[in-house]
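Notes follow the structure.
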Amino acid sequence: MAAVSNGAQSATEVHDYDVVVIGAGGSGLRAAIAAHESGARTAIVTKSLLGKAHTVMAEGGIAASMGNVWPEDNWQVHFRDTMRGGKMLNNWRMAQLHAQEAPERVWELEEWGALFDRTKEGKISQRDFGGHRYARLAHVGDRTGLEMIRTLQQRAVELGIDVYMECTITQLLKAGGAGRAGNRIAGAFGYWRETGSFIQLNAPSVVLATGGIGKSFKVTSNSWEYTGDGHALALQAGASLINMEFVQFHPTGMVWPLSVRGLLITESVRGEGGVLRNSDGKRFMFDYITDYFKAETADNEEEADRWYDDHINNRRPPELLPRDEVARAINSEIKAGRGSPHGGVYLDIASRRSAADIHKRLPSMYHQFKELADVDITKEPMEVAPTCHYVMGGVEVDADTQAATVDGLYAVGECSGGMHGSNRLGGNSLSDLLVFGKRAGESAAAYAKKSTRRPVAPVAQVNAAAEAALAPFGRKAGENAFTIQHELQEMMFSLVGIIRTGKEMKQALKDIAALKKRAEAVSVEGGRAYNPGWHTALDLRSMLQVSESIARAALERTESRGGHTRDDYPLTDPDWGKVNLIVTETPQGAVKITRKALPKMPADLAKLFEEPKK
């Protein structure tokens, strides 16, 4: 380590690595482990604490076709389910790799100490989830994400990988100079949240694993870290984003009390037999089965209930349709005046499972509702409503390597795009993190090893990054960062939320432009140590840029598909099913949208979607 003076106030702490991973969730930890095991000097940087990643909120399980409960399951069925769940807009190669490699990644976790629930035969237990033909989610009660983080964290610590906690990256560094060589990654620049002092991490390879964008919306299951850092860092470095119009609203977030509104209720509740009812007590999901899923969805309660014991001869319950379908149905019931007293609908597991089963299989949900809402889910239903949960869009990457369009830059997990198409199936996120985390880490290490002449960021670039970070302190009596953040969240939830119109999104873009202008005048009082106002001021650039990307892409896509529903274009357009929308940043800092043809699927995989001849 060295401390060097930069022209922007104080000294900057400097470290050299081969691979720097930004983010310490499931994908970041798995990428760092893979890079380290490939021989690269590796560091993990997290704006939060190790073990605090949002991955812990993925409670239901890890989707992998191990066939432990249903031997009929295989990677081809998982691949088909994933593609159909994403309304065929997925990158087929990513979906294929994911389905093929997920089982091995789960077994690997077990080898590293993960303690999964077991079947009677002693195999890893697997449960049902929406959109999956068979029970394929490997789980640890309803605390799977926590167990996954615990296992990966322990592995990273055991390997001695350096971890920089409570450290925020504000800019990716590039080599500078002419041509492609000058455009390659040279490291990352940021600051310690505790002290406000700067840090520079030099490395030829950087892996973005920063998670999602949910904090741009008023009601979200996401924790405070999810401000779209990786998406914005990639854009600003010259990389492209894909599928940004597709934002997933998880059907079941807590509704009451307001202090926990949006907090996630795992899909496991429905996977274990929970059903959705309106204020009339009606099990309403049978009224919302679309033609796309009609052939494989039960249209009556008797068949739906038989499915839990016999997947072969019965169709699955409509409560287990993909998340976008369920969220829209709940939203429709609430708008029709058939909602619960606090603006949701009812999720009932109490009448479907014994108290002992609920305590055993859904312990976190029981505790969450008992402690936070004084609701005993073994005796009464939960009030639920859609909450902003996940963004399908992210950094455009190569399927096999997770390489972005800038040399030396990689992205994985929720901040990468393509794998899930227009809608992600529950459980696919955790296996996505594992499969592509490993691939990203190995690819980043291989690239670093080939970099015989390490790129070095120009001093002027580092100075400019420091000056930009400190700019809010130099403004007096300016805008308040928290006020702008609050207005952005309110606006995005109301105008670019679960149901959209062209008129509303045009208004949203005007509002975002005004907020961006105001953000340029944000001022911060006090010092750099422990200053949440400063942190929020720096987060705003990412949040506003990502919000604009979502709104512009959503305005461009004149159809309804997956997590993108247009009230003025309610039908799915087959022509739009051939196109991905790509987001880039212009030299002037504006968001630009272009269209890109979907990669063609090979014939052997395309055959999986042919309907059987009658």
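Labeling convention for the structure tokens: chains A, B, ... as they appear, residues from 1 per chain, ligands from 1 in order of appearance.
All residues of protein, DNA or RNA that reach within 7 Å of stretch 322-330 of chain A, judged by only C-alpha atoms and not counting those fewer than 2 positions away in the chain, are Gly85, Gly130, Gly131, Gln248, Phe249, His250, Pro251, Met285, Tyr288, Glu319, Leu320, Ser332, Glu333, Ile334, Val345, Ala385, Pro386, Asn423, Leu425, Gly562 and Gly563 of chain A.
When the distance limit is 7 Å and only C-alpha atoms are what count, the residues near stretch 348-363 of chain A, minus those fewer than 2 positions from it on the same chain, are Gly141, Asp142, Val269, Gly273, Gly274, Val275, Leu276, Tyr346, Met365, Tyr366, His367, Ile377, Thr378, Lys379, Glu380, Pro381 and Met382 of chain A.
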Now that the selection is made, can you save its residues with C-alpha atoms as an mmCIF file, in the first residue's frame?
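Generated file (selection-v4.cif):
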data_model
loop_
_atom_site.group_PDB
_atom_site.id
_atom_site.type_symbol
_atom_site.label_atom_id
_atom_site.label_comp_id
_atom_site.auth_asym_id
_atom_site.auth_seq_id
_atom_site.Cartn_x
_atom_site.Cartn_y
_atom_site.Cartn_z
ATOM 1 C CA GLY A 141 -36.177 -23.542 5.482
ATOM 2 C CA ASP A 142 -36.991 -20.035 4.262
ATOM 3 C CA VAL A 269 -45.381 -19.361 1.190
ATOM 4 C CA GLY A 273 -49.590 -24.202 -0.609
ATOM 5 C CA GLY A 274 -50.476 -20.628 0.316
ATOM 6 C CA VAL A 275 -53.301 -19.067 -1.704
ATOM 7 C CA LEU A 276 -54.336 -15.505 -2.542
ATOM 8 C CA TYR A 346 -54.750 -11.724 1.605
ATOM 9 C CA MET A 365 -41.935 -15.682 7.813
ATOM 10 C CA TYR A 366 -43.590 -16.643 11.093
ATOM 11 C CA HIS A 367 -41.054 -14.606 13.046
ATOM 12 C CA ILE A 377 -49.529 -16.594 10.188
ATOM 13 C CA THR A 378 -50.442 -20.010 11.635
ATOM 14 C CA LYS A 379 -53.847 -18.548 12.545
ATOM 15 C CA GLU A 380 -54.601 -15.642 10.181
ATOM 16 C CA PRO A 381 -53.763 -14.479 6.643
ATOM 17 C CA MET A 382 -51.126 -11.919 5.709
#
A:Ser197 environment, 10 Å, only C-alpha atoms, sequence neighbours closer than 2 positions dropped, as a list of chain:residue names: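 In the requested form, the answer reads A:Gln9, A:Ser10, A:Ala11, A:Thr12, A:Glu13, A:Cys167, A:Gly190, A:Tyr191, A:Trp192, A:Arg193, A:Glu194, A:Thr195, A:Ile199, A:Ala466, A:Arg528, A:Ala529.
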Selection: 9 Å around stretch 29-37 of chain A, only C-alpha atoms, excl. self and same-chain fewer than 4 positions, as a ChimeraX atom specification: /A:18-21,23-25,41-44,149,152-153,155-156,159,161,207,209,412,433-446
